[in-house]
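These notes concern the structure reproduced below.
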Amino acid sequence: EAGVAQSPRYKIIEKRQSVAFWCNPISGHATLYWYQQILGQGPKLLIQFQNNGVVDDSQLPKDRFSAERLKGVDSTLKIQPAKLEDSAVYLCASSLDRVGYGYTFGSGTRLTVV
Amino acid sequence: AQKVTQAQTEISVVEKEDVTLDCVYETRDTTYYLFWYKQPPSGELVFLIRRNSFDEQNEISGRYSWNFQKSTSSFNFTITASQVVDSAVYFCALSEPGRGADGLTFGKGTHLIIQP
């Protein structure tokens with residue numbers, strides 16, 4: 001079974017620029033999550049999708065972050081404009097259902113904002 | 001309010017010693033799930049265990065064991081006879097699916113260093 005695919009692996013941008021990350025979950029996984037992991041901290045949930053609908057985006061900074069999951073498969077997370085404090089690893093995870101069945105994480109995208 | 005507390009920021013032990021990583025959680029839900037993940041230097045999150053709130057039975061998997069105590073809201077993780085390959089950051093996490101969303105709330109992690 002293929003894992004959760006994320007790209008790019010690394011990204012360096014200047015502050016105020018925009019950036020987008022892509023995630024392709026495990027085939028058949030209806031639930032998709034984006035997490036932000038700042039260096040030295042645990043991952044923080046940004047948004048959760050169930051198929052192509054948003055279940056929870058309470059911690060998503062909506063003034064600069066946006067995410068979509070068209071057709072209920074792959075997903076894109078965008079930051080516009082980026083700030084220095086957005087430097088982090090962005091992790092995508094997917095799950096077969098919504099009852100804590102288990103989560104598979106991708107390798108993440110490491111973003112550096114300079 | 002912090003929902004998952006890992007008070008130990010860093011632990012360093014010599015190989016073959018036993019080590020326990022503490023996790024204290026906070027929730028008002030009766031149905032919840034607790035997890036432990038390992039994050040080696042390569043960065044990926046490796047799933048170790050999932051435990052639901054109705055199952056307080058302790059679990060052992062090889063050198064790993066977990067002690068779940070609802071009375072103290074703790075879910076501690078013990079590595080017996082530690083090895084250098086156990087060196088990593090370990091995260092405890094909580095899921096509360098009863099609220100309609102089941103994303104994980106992570107602790108800040110414990111950096112475990114196993115010295116040869």
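Simple scheme: letters A, B, ... for chains in structure tokens order, numbers from 1 for residues in each chain, numbers from 1 for ligands in the order shown.
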
TODO: Please identify every residue of chain A that has at least one atom no more than 12 Å from any atom of chain B, counting only C-alpha atoms, and report them as a ChimeraX atom specification.
DONE: /A:3-4,6,9,31-50,53-59,88-110

- [ ] Identify, on the basis of only C-alpha atoms, every residue whose closest approach to Trp66 of chain B does not exceed 12 Å; exclude the query and any residue fewer than 4 positions from it along the same chain; express the result as number ranges by chain.
- [x] B: 19-23, 34-36, 48-51, 55-62, 74-80, 92

Open item on the list: as an MDAnalysis selection string, please: the residues near Leu77 of chain A (cut-off 8 Å, only C-alpha atoms, same-chain neighbours under 3 positions excluded).
Closed with: chainID A and resid 20:22 34 65:68

TODO: Determine, counting only C-alpha atoms, which protein, DNA and RNA residues have an atom within 12 Å of an atom of Gln17 of chain A; residues of the same chain fewer than 5 positions away are not included. Present the result as an NGL selection string.
DONE: :A and (11-12 or 64 or 78-84 or 86 or 112-114)

Open item on the list: At a cut-off of 8 Å, using only C-alpha atoms, what residues contact Lys71 of chain A? Leave out same-chain residues fewer than 3 positions from it and give the result as a VMD selection string.
Closed with: chain A and resid 51 to 52 74

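Taking atom CA of Leu60 of chain A and atom CA of Ser18 of chain A as endpoints, the distance between them is 16.1 Å.
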
Task: DSSP-assigned strand (DSSP E or B) among chain A, expressed as an MDAnalysis selection string - done: chainID A and resid 5:7 10:13 19:24 31:37 44:50 53:56 65:68 75:79 88:95 104:105 109:113

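Each of B:Ala88, B:Ala81, B:Leu112, B:Val24 was compared to Ser12 of chain B using only C-alpha atoms, and B:Leu112 turns out to be the nearest.
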
TODO: Could you please determine the separation between atom CA of Glu17 of chain B and atom CA of Pro40 of chain B in Å, to one decimal place?
DONE: 19.3 Å

Task: helix (DSSP H, G or I) residues, from DSSP on the backbone, in segment 1-86 of chain B, as a ChimeraX atom specification - done: /B:70-72,84-86
